[in-house]
Amino acid sequence: MVVARNDRLRHIFFTRNPIKWLCFSSQICVPNSITAADYTPLASPLLTKYYACLYSHLIMSNSYSLLPAHWTQIDTSSRIFSNPNSYSKMCYSFYSSFSNKTLSRSFRRRQRNRLKAASKPILDKQQLERAISQLPPRFTSEDLSSILTLQEDPLVCFELFNWACQQPRFRHNVSTFHITIRKLGAAKLYQEMDDIVNQVLAVPHIGSEALYNTMIYFFTEARKLTRAVNIFKHMAKSKNLACRPSVRTYNLLFAALLSRGKNSYINYMYMETIRCLFKQMVNDGIEPNVFSLNSMIKGYVLSLHVNDALRIFHQMDVVYNCQPNYYSYDYVIHGLCAQGRTNNARELCNQMKRKGFVPSNKTYNSLVNSLALSGEVDEAVSFLWEMVEKQRSADLITYRTVLDEICRKGRVSEAMRLLKVLQEKDIVDGQTFRKLLEVVGEENGNLNNRS
């Protein structure tokens with residue numbers, strides 16, 4: 001049994017060598033064996049965490065030599081210790097249960113690295129041997145491509161690719177590189193994928209636009225934007241015209257850059273890079289498509305350059321021979337509403353509907369909020385009912401803004417009638433109805449206090 005108070009357990013994890021303290025402390029008495037029977041549902045969770053955490057530290061740090069002689073071998077057949085990944089999780093839970101301090105960034109990073117190492121897939125050597133046996137004696141790159149395509153295990157593909165590199169008179173082609181990179185990237189084995197990418201970049205005559213685009217895509221998925229930009233530069237400098245960047249390459253970079261921003265300032269910084277890329281694309285004679293132009297519009301809206309977004313929007317048909325689609329209108333209307341330009345937003349919304357597009361929830365919510373805040377309450381309510389007819393859902397902020405502005409105009413009874421109609425038609429649920437009712441009550445009380 002364990003004789004240790006909570007303060008002593010807390011002390012364990014604030015000492016520099018918790019393993020040594022646990023093993024030689026006279027306050028702790030460990031039973032001769034630890035089995036699965038000790039971890040019944042009636043057992044103390046504190047004991048379970050203690051034993052698991054102690055064993056976790058011993059496994060992670062290879063500190064078997066610190067065990068005293070009177071300790072017996074721990075029974076690892078218990079389900080508590082059957083998974084190395086559970087060691088770290090229990091250690092983390094044990095630490096957080098008895099610590100009054102916020103976990104440091106270094107501790108969280110070490111814990112994350114341990115979990116990642118524990119969850120790393122293991123190579124199936126038998127499957128690798130079967131794959132090798134399916135290849136003919138003098139196999140070609142086409143034979144290897146067909147075997148790589150059939151393999152579901154990405155580690156087997158990686159090892160098979162490396163094994164083929166060591167065979168005499170064999171050279172990989174674009175197909176084998178492409179299949180291996182695609183399988184490793186889809187499995188998020190980015191370190192192994194990076195090794196294959198370095199081999200591609202080291203051979204000047206190997207490569208294609210699709211292969212380089214696949215590299216850029218998976219590096220952007222891994223948030224390695226610098227690596228993706230370096231591959232783009234490698235494509236731009238390539239003497240092989242088939243490897244030069246295309247509109248798909250630029251679109252991948254546009255999407256990656258637009259996903260980085262969390263506020264207007266960050267979007268403003270990345271928008272300058274997007275603008276330079278767009279200018280380079282046009283100067284190289286590559287015609288932008290709808291996705292490229294929508295990326296520019298979205299970037300300008302997110303960085304609060306709505307006039308530039310409108311300029312691109314009006315140039316789509318005239319300059320670039322592209323018709324605005326659903327997303328083009330969506331981005332521009334949202335940007336206009338954010339600046340309170342309700343007249344322009346309303347005109348574009350009507351134009352959008354005339355072309356057969358149905359505004360999204362985001363477009364309707366932005367427009368209703370903007371109209372209500374600008375004092376056009378009746379118009380906002382009209383668009384609110386239009387949302388219901390088009391089966392679009394308004395959020396709590398939209399309902400609250402409309403009711404709040406109606407009450408501020410002294411039309412509390414009208415706000416109550418609107419709220420009751422929304423409830424009767426099951427447009428708002430009970431929780432939302434109670435929150436909105438409080439809003440109307442607060443505004444009614446404020447009006448009474450003013451009078």
# chains A, B, ... in the order shown; residues from 1 in each chain; ligands from 1
$ select_by_dssp --residues "stretch 79-283 of chain A" --states "helix (DSSP H, G or I)" --output "PyMOL selection string"
chain A and resi 84-97+105-118+125-133+141-150+154-165+174-186+190-202+209-221+225-237+241-243+247-258+264-283
$ residues_around --residues "stretch 336-349 of chain A" --least-positions-apart "5" --cutoff "8 Å" --atoms "only C-alpha atoms" --output "ChimeraX atom specification"
/A:306,329,359,366-367,370-371,374
$ write_last_selection --atoms "all heavy atoms" --output "PDB file, in the first residue's frame"
ATOM      1  N   VAL A 306     -11.575  46.849 -48.689  1.00  0.00           N
ATOM      2  CA  VAL A 306     -12.807  46.494 -49.392  1.00  0.00           C
ATOM      3  C   VAL A 306     -12.840  47.126 -50.781  1.00  0.00           C
ATOM      4  O   VAL A 306     -13.365  46.522 -51.732  1.00  0.00           O
ATOM      5  CB  VAL A 306     -14.035  46.906 -48.559  1.00  0.00           C
ATOM      6  CG1 VAL A 306     -15.326  46.530 -49.275  1.00  0.00           C
ATOM      7  CG2 VAL A 306     -13.992  46.242 -47.183  1.00  0.00           C
ATOM      8  N   TYR A 329     -19.634  36.951 -54.594  1.00  0.00           N
ATOM      9  CA  TYR A 329     -20.629  37.820 -53.971  1.00  0.00           C
ATOM     10  C   TYR A 329     -20.583  37.714 -52.445  1.00  0.00           C
ATOM     11  O   TYR A 329     -20.739  38.716 -51.731  1.00  0.00           O
ATOM     12  CB  TYR A 329     -22.027  37.464 -54.473  1.00  0.00           C
ATOM     13  CG  TYR A 329     -22.317  37.912 -55.882  1.00  0.00           C
ATOM     14  CD1 TYR A 329     -22.210  37.043 -56.954  1.00  0.00           C
ATOM     15  CD2 TYR A 329     -22.701  39.226 -56.135  1.00  0.00           C
ATOM     16  CE1 TYR A 329     -22.482  37.451 -58.244  1.00  0.00           C
ATOM     17  CE2 TYR A 329     -22.978  39.649 -57.429  1.00  0.00           C
ATOM     18  CZ  TYR A 329     -22.861  38.756 -58.478  1.00  0.00           C
ATOM     19  OH  TYR A 329     -23.128  39.183 -59.760  1.00  0.00           O
ATOM     20  N   PRO A 359     -28.098  33.603 -51.249  1.00  0.00           N
ATOM     21  CA  PRO A 359     -27.093  34.045 -50.261  1.00  0.00           C
ATOM     22  C   PRO A 359     -26.932  33.037 -49.134  1.00  0.00           C
ATOM     23  O   PRO A 359     -27.872  32.331 -48.760  1.00  0.00           O
ATOM     24  CB  PRO A 359     -27.662  35.378 -49.755  1.00  0.00           C
ATOM     25  CG  PRO A 359     -28.573  35.848 -50.837  1.00  0.00           C
ATOM     26  CD  PRO A 359     -29.147  34.620 -51.454  1.00  0.00           C
ATOM     27  N   SER A 366     -24.724  38.978 -42.006  1.00  0.00           N
ATOM     28  CA  SER A 366     -23.996  40.239 -42.121  1.00  0.00           C
ATOM     29  C   SER A 366     -24.921  41.367 -42.569  1.00  0.00           C
ATOM     30  O   SER A 366     -24.871  42.479 -42.030  1.00  0.00           O
ATOM     31  CB  SER A 366     -22.842  40.089 -43.111  1.00  0.00           C
ATOM     32  OG  SER A 366     -21.942  39.089 -42.698  1.00  0.00           O
ATOM     33  N   LEU A 367     -25.770  41.073 -43.545  1.00  0.00           N
ATOM     34  CA  LEU A 367     -26.656  42.102 -44.082  1.00  0.00           C
ATOM     35  C   LEU A 367     -27.703  42.522 -43.054  1.00  0.00           C
ATOM     36  O   LEU A 367     -27.981  43.723 -42.880  1.00  0.00           O
ATOM     37  CB  LEU A 367     -27.325  41.586 -45.345  1.00  0.00           C
ATOM     38  CG  LEU A 367     -28.078  42.598 -46.217  1.00  0.00           C
ATOM     39  CD1 LEU A 367     -27.172  43.761 -46.598  1.00  0.00           C
ATOM     40  CD2 LEU A 367     -28.628  41.933 -47.463  1.00  0.00           C
ATOM     41  N   SER A 370     -26.018  44.604 -40.318  1.00  0.00           N
ATOM     42  CA  SER A 370     -25.623  45.922 -40.809  1.00  0.00           C
ATOM     43  C   SER A 370     -26.831  46.837 -40.983  1.00  0.00           C
ATOM     44  O   SER A 370     -26.786  48.021 -40.620  1.00  0.00           O
ATOM     45  CB  SER A 370     -24.870  45.771 -42.130  1.00  0.00           C
ATOM     46  OG  SER A 370     -24.464  47.022 -42.628  1.00  0.00           O
ATOM     47  N   LEU A 371     -27.927  46.295 -41.511  1.00  0.00           N
ATOM     48  CA  LEU A 371     -29.134  47.120 -41.685  1.00  0.00           C
ATOM     49  C   LEU A 371     -29.710  47.542 -40.329  1.00  0.00           C
ATOM     50  O   LEU A 371     -30.142  48.690 -40.154  1.00  0.00           O
ATOM     51  CB  LEU A 371     -30.174  46.333 -42.472  1.00  0.00           C
ATOM     52  CG  LEU A 371     -29.878  46.130 -43.971  1.00  0.00           C
ATOM     53  CD1 LEU A 371     -30.863  45.134 -44.575  1.00  0.00           C
ATOM     54  CD2 LEU A 371     -29.940  47.454 -44.720  1.00  0.00           C
ATOM     55  N   SER A 374     -27.593  50.252 -38.721  1.00  0.00           N
ATOM     56  CA  SER A 374     -27.682  51.550 -39.410  1.00  0.00           C
ATOM     57  C   SER A 374     -29.049  52.201 -39.257  1.00  0.00           C
ATOM     58  O   SER A 374     -29.284  53.275 -39.823  1.00  0.00           O
ATOM     59  CB  SER A 374     -27.369  51.366 -40.895  1.00  0.00           C
ATOM     60  OG  SER A 374     -28.326  50.513 -41.507  1.00  0.00           O
TER      61      SER A 374
END
$ atom_distance --atom1 "atom CA of A:Ala187" --atom2 "atom CA of A:Thr220"
14.4 Å
$ closest_residue --among "A:Asp426, A:Leu437, A:Met281, A:Val203" --to "A:Val412" --atoms "only C-alpha atoms"
A:Leu437
$ closest_residue --among "A:Leu155, A:Leu396, A:Met387, A:Leu241" --to "A:Leu128" --atoms "only C-alpha atoms"
A:Leu155
$ closest_residue --among "A:Arg400, A:Val421, A:Asp124, A:Leu310" --to "A:Lys435" --atoms "only C-alpha atoms"
A:Arg400
$ decode --residues "stretch 177-198 of chain A" --atoms "N, CA and C atoms" --output "short mmCIF file (atom, residue, chain, number, x, y, z; two decimals), in the first residue's frame"
data_model
loop_
_atom_site.label_atom_id
_atom_site.label_comp_id
_atom_site.auth_asym_id
_atom_site.auth_seq_id
_atom_site.Cartn_x
_atom_site.Cartn_y
_atom_site.Cartn_z
N PHE A 177 8.19 8.43 -57.42
CA PHE A 177 8.31 9.54 -56.48
C PHE A 177 6.93 10.07 -56.08
N HIS A 178 6.08 10.24 -57.08
CA HIS A 178 4.76 10.84 -56.84
C HIS A 178 3.90 9.96 -55.93
N ILE A 179 3.88 8.67 -56.22
CA ILE A 179 3.04 7.75 -55.42
C ILE A 179 3.52 7.71 -53.97
N THR A 180 4.83 7.62 -53.78
CA THR A 180 5.38 7.53 -52.42
C THR A 180 5.12 8.81 -51.63
N ILE A 181 5.33 9.96 -52.25
CA ILE A 181 5.10 11.23 -51.56
C ILE A 181 3.63 11.40 -51.22
N ARG A 182 2.76 11.00 -52.13
CA ARG A 182 1.33 11.14 -51.87
C ARG A 182 0.88 10.24 -50.72
N LYS A 183 1.38 9.03 -50.65
CA LYS A 183 0.99 8.13 -49.57
C LYS A 183 1.55 8.58 -48.22
N LEU A 184 2.79 9.03 -48.20
CA LEU A 184 3.38 9.51 -46.95
C LEU A 184 2.72 10.79 -46.48
N GLY A 185 2.41 11.69 -47.39
CA GLY A 185 1.75 12.93 -47.01
C GLY A 185 0.34 12.70 -46.50
N ALA A 186 -0.40 11.78 -47.13
CA ALA A 186 -1.75 11.49 -46.66
C ALA A 186 -1.74 10.87 -45.27
N ALA A 187 -0.66 10.12 -44.93
CA ALA A 187 -0.54 9.52 -43.59
C ALA A 187 0.11 10.48 -42.59
N LYS A 188 0.45 11.69 -43.02
CA LYS A 188 1.07 12.71 -42.17
C LYS A 188 2.44 12.27 -41.65
N LEU A 189 3.13 11.46 -42.42
CA LEU A 189 4.51 11.10 -42.12
C LEU A 189 5.43 12.09 -42.84
N TYR A 190 5.45 13.30 -42.32
CA TYR A 190 6.11 14.40 -43.03
C TYR A 190 7.63 14.28 -43.01
N GLN A 191 8.19 13.69 -41.98
CA GLN A 191 9.64 13.54 -41.94
C GLN A 191 10.11 12.58 -43.02
N GLU A 192 9.41 11.46 -43.17
CA GLU A 192 9.76 10.51 -44.23
C GLU A 192 9.51 11.12 -45.60
N MET A 193 8.42 11.88 -45.72
CA MET A 193 8.12 12.53 -46.99
C MET A 193 9.20 13.54 -47.35
N ASP A 194 9.73 14.23 -46.36
CA ASP A 194 10.77 15.22 -46.61
C ASP A 194 12.03 14.57 -47.17
N ASP A 195 12.33 13.35 -46.73
CA ASP A 195 13.49 12.63 -47.27
C ASP A 195 13.31 12.35 -48.76
N ILE A 196 12.11 11.94 -49.15
CA ILE A 196 11.85 11.68 -50.58
C ILE A 196 11.89 12.97 -51.38
N VAL A 197 11.36 14.04 -50.81
CA VAL A 197 11.37 15.33 -51.52
C VAL A 197 12.79 15.80 -51.77
N ASN A 198 13.67 15.62 -50.80
CA ASN A 198 15.07 16.01 -50.99
C ASN A 198 15.72 15.22 -52.13
#
